[in-house]
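Data block below; observations after.
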Amino acid sequence: WSSDVCSSDLASRTFTYTFDTTSEITNAKTIKFDTNVLPDGTTTTQTFNNSATLTDGGTDYNSGEISVGIGRSLINKSGSYDSRSHKITWTILVNRNETTLNNVVVTDTISSDPNQEFVADSVKLNGNPIPKSGASPSYTYDAGGKLLTFTLGNIAAKQTITFQTTVTDKNDYATNQNGKIYKNTAHLVYDGSPSNPDASATVKVTSKVLEKSFVSYNYTTRELTWKIIANQNRMP
């Protein structure tokens, strides 16, 4: 392999590996190389295609096209509900690809339909509280517009933002109901972004205050046994 030559042409996006022709190849050869996936603001899975051609004595042998699916996630959002406190914890993952992003700002408008309220001082970045306003990283909250703004500055690693909202409608958290959908959307802006990617998450808020069920019947005494469970939400 010492006399083999490899080269690349950025214009044609072609990588060429030329084997030493002073002797015949009599065993299998494996060529490995890396390609970089460039950031472009895409938040969905993308498919990347590649193919190889072996030329031997003027005859071309094509490998066929190989496809690889890559999850491109500059921003991702999820949520979880605690029925006891009737609070939703929202989690925003930024830059899971761990690329260099400058002047990063994430905004999140807390939905009013269904109604939920921001929990003051619940904001954390990578598990640690961050200051309200000031130098990055920091956050601000506009109560009138229910807008959260997270200023992260320049980043090169994954960032995890968490904050909480409270479900305020008693019909959703203090009655028997099978599920109300709460949704929030986060938006990402950074220098040079070809688009402003966003990510949405939905949380199903369920509540069961009182439940009754049949347990058994005693044929001798002709007695029915019932079970009643109160306050399954464990609310104080």
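Numbering starts fresh at 1 for the residues of each chain in the structure tokens, the chains themselves are lettered A, B, ... in the order given, and ligands are numbered from 1 as they appear.
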
Practice item. For Pro129 (chain A), list every protein, DNA or RNA residue within 10 Å, evaluated using only C-alpha atoms, and leave out those in the same chain fewer than 3 positions away; present the list as a list in words. Key: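 That gives Asp121, Ser122, Val123, Lys124, Leu125, Asn126, Lys132, Ser138, Ile161, Thr162 and Phe163 of chain A.
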
Please produce an output containing N, CA, C and O atoms for each residue in the selection, written as a PDB file, in the first residue's frame.
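Printed below is part14.pdb as written:
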```pdb
ATOM      1  N   ASP A 121     -38.310  31.102  38.170  1.00  0.00           N
ATOM      2  CA  ASP A 121     -37.065  30.517  38.684  1.00  0.00           C
ATOM      3  C   ASP A 121     -36.948  29.016  38.428  1.00  0.00           C
ATOM      4  O   ASP A 121     -36.203  28.319  39.124  1.00  0.00           O
ATOM      5  N   SER A 122     -37.678  28.507  37.429  1.00  0.00           N
ATOM      6  CA  SER A 122     -37.585  27.081  37.114  1.00  0.00           C
ATOM      7  C   SER A 122     -36.611  26.801  35.979  1.00  0.00           C
ATOM      8  O   SER A 122     -36.344  25.645  35.645  1.00  0.00           O
ATOM      9  N   VAL A 123     -36.041  27.852  35.380  1.00  0.00           N
ATOM     10  CA  VAL A 123     -35.169  27.685  34.219  1.00  0.00           C
ATOM     11  C   VAL A 123     -33.799  27.149  34.640  1.00  0.00           C
ATOM     12  O   VAL A 123     -33.180  27.650  35.578  1.00  0.00           O
ATOM     13  N   LYS A 124     -33.352  26.115  33.911  1.00  0.00           N
ATOM     14  CA  LYS A 124     -32.017  25.570  34.139  1.00  0.00           C
ATOM     15  C   LYS A 124     -31.342  25.316  32.802  1.00  0.00           C
ATOM     16  O   LYS A 124     -31.996  24.988  31.801  1.00  0.00           O
ATOM     17  N   LEU A 125     -30.029  25.467  32.784  1.00  0.00           N
ATOM     18  CA  LEU A 125     -29.223  25.160  31.613  1.00  0.00           C
ATOM     19  C   LEU A 125     -28.206  24.103  32.002  1.00  0.00           C
ATOM     20  O   LEU A 125     -27.388  24.328  32.907  1.00  0.00           O
ATOM     21  N   ASN A 126     -28.316  22.952  31.356  1.00  0.00           N
ATOM     22  CA  ASN A 126     -27.434  21.814  31.683  1.00  0.00           C
ATOM     23  C   ASN A 126     -27.502  21.451  33.165  1.00  0.00           C
ATOM     24  O   ASN A 126     -26.501  21.110  33.796  1.00  0.00           O
ATOM     25  N   LYS A 132     -31.520  35.601  35.305  1.00  0.00           N
ATOM     26  CA  LYS A 132     -32.535  36.271  34.515  1.00  0.00           C
ATOM     27  C   LYS A 132     -31.961  37.580  34.009  1.00  0.00           C
ATOM     28  O   LYS A 132     -31.649  38.460  34.795  1.00  0.00           O
ATOM     29  N   SER A 138     -28.237  33.482  29.727  1.00  0.00           N
ATOM     30  CA  SER A 138     -29.248  34.083  30.595  1.00  0.00           C
ATOM     31  C   SER A 138     -30.599  33.920  29.916  1.00  0.00           C
ATOM     32  O   SER A 138     -30.688  33.416  28.788  1.00  0.00           O
ATOM     33  N   ILE A 161     -31.869  22.887  27.967  1.00  0.00           N
ATOM     34  CA  ILE A 161     -32.657  23.887  28.674  1.00  0.00           C
ATOM     35  C   ILE A 161     -33.888  23.209  29.254  1.00  0.00           C
ATOM     36  O   ILE A 161     -34.574  22.457  28.560  1.00  0.00           O
ATOM     37  N   THR A 162     -34.184  23.459  30.521  1.00  0.00           N
ATOM     38  CA  THR A 162     -35.426  22.965  31.118  1.00  0.00           C
ATOM     39  C   THR A 162     -36.130  24.121  31.823  1.00  0.00           C
ATOM     40  O   THR A 162     -35.484  25.019  32.358  1.00  0.00           O
ATOM     41  N   PHE A 163     -37.454  24.070  31.775  1.00  0.00           N
ATOM     42  CA  PHE A 163     -38.263  25.014  32.548  1.00  0.00           C
ATOM     43  C   PHE A 163     -39.624  24.370  32.780  1.00  0.00           C
ATOM     44  O   PHE A 163     -39.960  23.350  32.160  1.00  0.00           O
TER      45      PHE A 163
END
```

Exercise for review: Would you list the contacts of Ala143 (chain A) as a list of chain:residue names, taking every protein, DNA or RNA residue within 12 Å and counting only C-alpha atoms, but skipping same-chain residues closer than 5 positions in sequence?
Suggested key: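 Result of the neighbour search: A:Thr109, A:Ile110, A:Ser111, A:Ser112, A:Gln116, A:Glu117, A:Phe118, A:Val119, A:Ala120, A:Leu148, A:Thr149.
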
Take the residues from that selection and put them in a file with N, CA, C and O atoms, as a PDB file, in the first residue's frame.
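The result, stored in out-v1.pdb:
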```pdb
ATOM      1  N   THR A 109     -42.743  30.555  23.196  1.00  0.00           N
ATOM      2  CA  THR A 109     -43.981  31.206  23.627  1.00  0.00           C
ATOM      3  C   THR A 109     -44.864  30.180  24.324  1.00  0.00           C
ATOM      4  O   THR A 109     -45.236  29.169  23.731  1.00  0.00           O
ATOM      5  N   ILE A 110     -45.190  30.429  25.583  1.00  0.00           N
ATOM      6  CA  ILE A 110     -45.993  29.497  26.375  1.00  0.00           C
ATOM      7  C   ILE A 110     -47.442  29.604  25.935  1.00  0.00           C
ATOM      8  O   ILE A 110     -48.050  30.672  25.980  1.00  0.00           O
ATOM      9  N   SER A 111     -47.977  28.490  25.511  1.00  0.00           N
ATOM     10  CA  SER A 111     -49.331  28.464  24.957  1.00  0.00           C
ATOM     11  C   SER A 111     -50.370  28.875  25.994  1.00  0.00           C
ATOM     12  O   SER A 111     -50.263  28.553  27.177  1.00  0.00           O
ATOM     13  N   SER A 112     -51.393  29.621  25.526  1.00  0.00           N
ATOM     14  CA  SER A 112     -52.517  30.002  26.395  1.00  0.00           C
ATOM     15  C   SER A 112     -53.754  29.165  26.118  1.00  0.00           C
ATOM     16  O   SER A 112     -54.809  29.381  26.717  1.00  0.00           O
ATOM     17  N   GLN A 116     -51.607  27.682  30.568  1.00  0.00           N
ATOM     18  CA  GLN A 116     -50.532  27.271  31.461  1.00  0.00           C
ATOM     19  C   GLN A 116     -49.726  28.512  31.819  1.00  0.00           C
ATOM     20  O   GLN A 116     -49.660  29.464  31.045  1.00  0.00           O
ATOM     21  N   GLU A 117     -49.126  28.473  32.983  1.00  0.00           N
ATOM     22  CA  GLU A 117     -48.376  29.619  33.469  1.00  0.00           C
ATOM     23  C   GLU A 117     -46.923  29.220  33.727  1.00  0.00           C
ATOM     24  O   GLU A 117     -46.638  28.140  34.242  1.00  0.00           O
ATOM     25  N   PHE A 118     -46.022  30.106  33.376  1.00  0.00           N
ATOM     26  CA  PHE A 118     -44.602  29.891  33.595  1.00  0.00           C
ATOM     27  C   PHE A 118     -44.281  29.865  35.085  1.00  0.00           C
ATOM     28  O   PHE A 118     -44.769  30.700  35.860  1.00  0.00           O
ATOM     29  N   VAL A 119     -43.471  28.909  35.505  1.00  0.00           N
ATOM     30  CA  VAL A 119     -43.043  28.798  36.902  1.00  0.00           C
ATOM     31  C   VAL A 119     -41.754  29.592  37.070  1.00  0.00           C
ATOM     32  O   VAL A 119     -40.715  29.252  36.483  1.00  0.00           O
ATOM     33  N   ALA A 120     -41.828  30.657  37.828  1.00  0.00           N
ATOM     34  CA  ALA A 120     -40.672  31.536  38.019  1.00  0.00           C
ATOM     35  C   ALA A 120     -39.492  30.767  38.614  1.00  0.00           C
ATOM     36  O   ALA A 120     -39.666  29.875  39.456  1.00  0.00           O
ATOM     37  N   LEU A 148     -40.609  33.370  26.517  1.00  0.00           N
ATOM     38  CA  LEU A 148     -39.318  33.068  27.121  1.00  0.00           C
ATOM     39  C   LEU A 148     -38.232  33.240  26.071  1.00  0.00           C
ATOM     40  O   LEU A 148     -38.361  32.735  24.950  1.00  0.00           O
ATOM     41  N   THR A 149     -37.162  33.944  26.438  1.00  0.00           N
ATOM     42  CA  THR A 149     -36.027  34.120  25.536  1.00  0.00           C
ATOM     43  C   THR A 149     -34.759  33.668  26.246  1.00  0.00           C
ATOM     44  O   THR A 149     -34.424  34.173  27.315  1.00  0.00           O
TER      45      THR A 149
END
```

Mind dumping a table of every region 68-177 of chain A residue within 8 Å of region 201-218 of chain A, with the nearest atom pair and its distance in Å to one decimal, using only C-alpha atoms, sorted by chain and rising number, as a tab-separated table?
```
residue	atom	partner	partner_atom	distance
A:Lys77	CA	A:Ala201	CA	5.5
A:Ser78	CA	A:Ala201	CA	5.0
A:Gly79	CA	A:Val203	CA	5.8
A:Ser80	CA	A:Val203	CA	6.3
A:Tyr81	CA	A:Val205	CA	6.5
A:Ser83	CA	A:Ser207	CA	7.0
A:Ile88	CA	A:Val203	CA	7.9
A:Asp172	CA	A:Ser207	CA	6.7
A:Tyr173	CA	A:Ser207	CA	5.4
A:Ala174	CA	A:Val209	CA	6.4
A:Thr175	CA	A:Val209	CA	5.7
A:Asn176	CA	A:Lys208	CA	4.4
A:Gln177	CA	A:Ser207	CA	5.3
```

Point to revise | Distance query region 46-55 of chain A at most 6 Å, only C-alpha atoms, self and fewer than 4 positions along chain excluded, as a list in words | key: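 These residues fall inside the cut-off: Thr59, Asp60, Tyr61, Asn62, Ser63, Gly64, Glu65, Ile66, Ser67, Val68, Gly69 and Ile70 of chain A.
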
With N, CA and C atoms retained, write the just-selected residues as a short mmCIF file (atom, residue, chain, number, x, y, z; two decimals), in the first residue's frame.
```
data_model
loop_
_atom_site.label_atom_id
_atom_site.label_comp_id
_atom_site.auth_asym_id
_atom_site.auth_seq_id
_atom_site.Cartn_x
_atom_site.Cartn_y
_atom_site.Cartn_z
N THR A 59 -12.34 -1.17 -17.73
CA THR A 59 -13.71 -1.59 -17.42
C THR A 59 -14.12 -1.04 -16.06
N ASP A 60 -15.32 -0.45 -16.00
CA ASP A 60 -15.83 0.12 -14.75
C ASP A 60 -16.79 -0.85 -14.07
N TYR A 61 -16.62 -1.00 -12.77
CA TYR A 61 -17.52 -1.81 -11.95
C TYR A 61 -18.12 -0.89 -10.88
N ASN A 62 -19.43 -0.73 -10.91
CA ASN A 62 -20.08 0.22 -10.00
C ASN A 62 -20.65 -0.52 -8.80
N SER A 63 -20.48 0.09 -7.63
CA SER A 63 -20.96 -0.53 -6.39
C SER A 63 -22.47 -0.41 -6.21
N GLY A 64 -23.07 0.52 -6.96
CA GLY A 64 -24.45 0.86 -6.65
C GLY A 64 -24.48 1.92 -5.57
N GLU A 65 -25.61 2.59 -5.43
CA GLU A 65 -25.70 3.70 -4.48
C GLU A 65 -26.03 3.20 -3.09
N ILE A 66 -25.31 3.71 -2.12
CA ILE A 66 -25.53 3.37 -0.71
C ILE A 66 -26.14 4.59 -0.02
N SER A 67 -27.19 4.38 0.77
CA SER A 67 -27.88 5.48 1.45
C SER A 67 -27.73 5.34 2.96
N VAL A 68 -27.52 6.47 3.62
CA VAL A 68 -27.40 6.51 5.09
C VAL A 68 -28.32 7.60 5.61
N GLY A 69 -29.19 7.25 6.56
CA GLY A 69 -30.09 8.23 7.17
C GLY A 69 -29.45 8.83 8.42
N ILE A 70 -29.37 10.15 8.47
CA ILE A 70 -28.73 10.84 9.59
C ILE A 70 -29.74 11.79 10.22
#
```

Check your understanding: Hey, what's within 10 Å of Ile75 (chain A) if we count only C-alpha atoms and toss same-chain stuff fewer than 4 positions away? As a PyMOL selection string, please?
Key -> chain A and resi 41-44+92-97+106+158-160+186-188+197-200

Check your understanding: When DSSP works through the backbone of this structure, what residues of region 31-95 of chain A end up as strand (DSSP E), shown as a count of residues only?
Key -> 36

Check your understanding: Between A:Asn171, A:Ser193, A:Gln164, A:Asn76, which one has atoms that come closest to Leu101 (chain A), using only C-alpha atoms?
Key ->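 For Leu101 (chain A), the nearest of the candidates is A:Ser193.
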
Practice item. Write out as a PyMOL selection string all residues of region 15-213 of chain A that backbone DSSP assigns to alpha helix (DSSP H). Key: chain A and resi 170-173

Go ahead and dump the residues you just picked, N, CA, C and O atoms, as an mmCIF file, in the first residue's frame.
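This went into part17.cif:
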```cif
data_model
loop_
_atom_site.group_PDB
_atom_site.id
_atom_site.type_symbol
_atom_site.label_atom_id
_atom_site.label_comp_id
_atom_site.auth_asym_id
_atom_site.auth_seq_id
_atom_site.Cartn_x
_atom_site.Cartn_y
_atom_site.Cartn_z
ATOM 1 N N LYS A 170 -58.612 23.782 36.413
ATOM 2 C CA LYS A 170 -58.983 22.664 37.281
ATOM 3 C C LYS A 170 -59.730 21.569 36.537
ATOM 4 O O LYS A 170 -59.727 20.413 36.964
ATOM 5 N N ASN A 171 -60.365 21.913 35.432
ATOM 6 C CA ASN A 171 -61.037 20.891 34.633
ATOM 7 C C ASN A 171 -60.044 19.920 34.005
ATOM 8 O O ASN A 171 -60.418 18.818 33.600
ATOM 9 N N ASP A 172 -58.788 20.335 33.938
ATOM 10 C CA ASP A 172 -57.759 19.471 33.368
ATOM 11 C C ASP A 172 -56.998 18.684 34.421
ATOM 12 O O ASP A 172 -56.569 17.556 34.174
ATOM 13 N N TYR A 173 -56.800 19.279 35.632
ATOM 14 C CA TYR A 173 -55.958 18.585 36.608
ATOM 15 C C TYR A 173 -56.700 18.101 37.862
ATOM 16 O O TYR A 173 -56.131 17.360 38.654
#
```

**Study point:** Test item: residues at most 12 Å from Asp56 (chain A), only C-alpha atoms, excluding those fewer than 5 positions along its chain, as a ChimeraX atom specification
**Key:** /A:18-19,21,24-25,61-62

Output N, CA and C atoms of each residue in that selection to a file, as a tab-separated table (two decimals), in the first residue's frame.
```
chain	number	residue	atom	x	y	z
A	18	THR	N	-5.87	5.36	-6.08
A	18	THR	CA	-5.19	4.62	-7.15
A	18	THR	C	-4.24	3.61	-6.53
A	19	PHE	N	-4.48	2.35	-6.85
A	19	PHE	CA	-3.64	1.29	-6.30
A	19	PHE	C	-2.31	1.23	-7.05
A	21	THR	N	0.25	-0.11	-9.31
A	21	THR	CA	0.04	-0.98	-10.48
A	21	THR	C	1.28	-1.80	-10.84
A	24	GLU	N	0.10	-7.20	-9.24
A	24	GLU	CA	-1.33	-7.52	-9.23
A	24	GLU	C	-1.88	-7.51	-7.80
A	25	ILE	N	-3.17	-7.18	-7.71
A	25	ILE	CA	-3.86	-7.27	-6.43
A	25	ILE	C	-4.46	-8.66	-6.32
A	61	TYR	N	-16.62	-1.00	-12.77
A	61	TYR	CA	-17.52	-1.81	-11.95
A	61	TYR	C	-18.12	-0.89	-10.88
A	62	ASN	N	-19.43	-0.73	-10.91
A	62	ASN	CA	-20.08	0.22	-10.00
A	62	ASN	C	-20.65	-0.52	-8.80
```
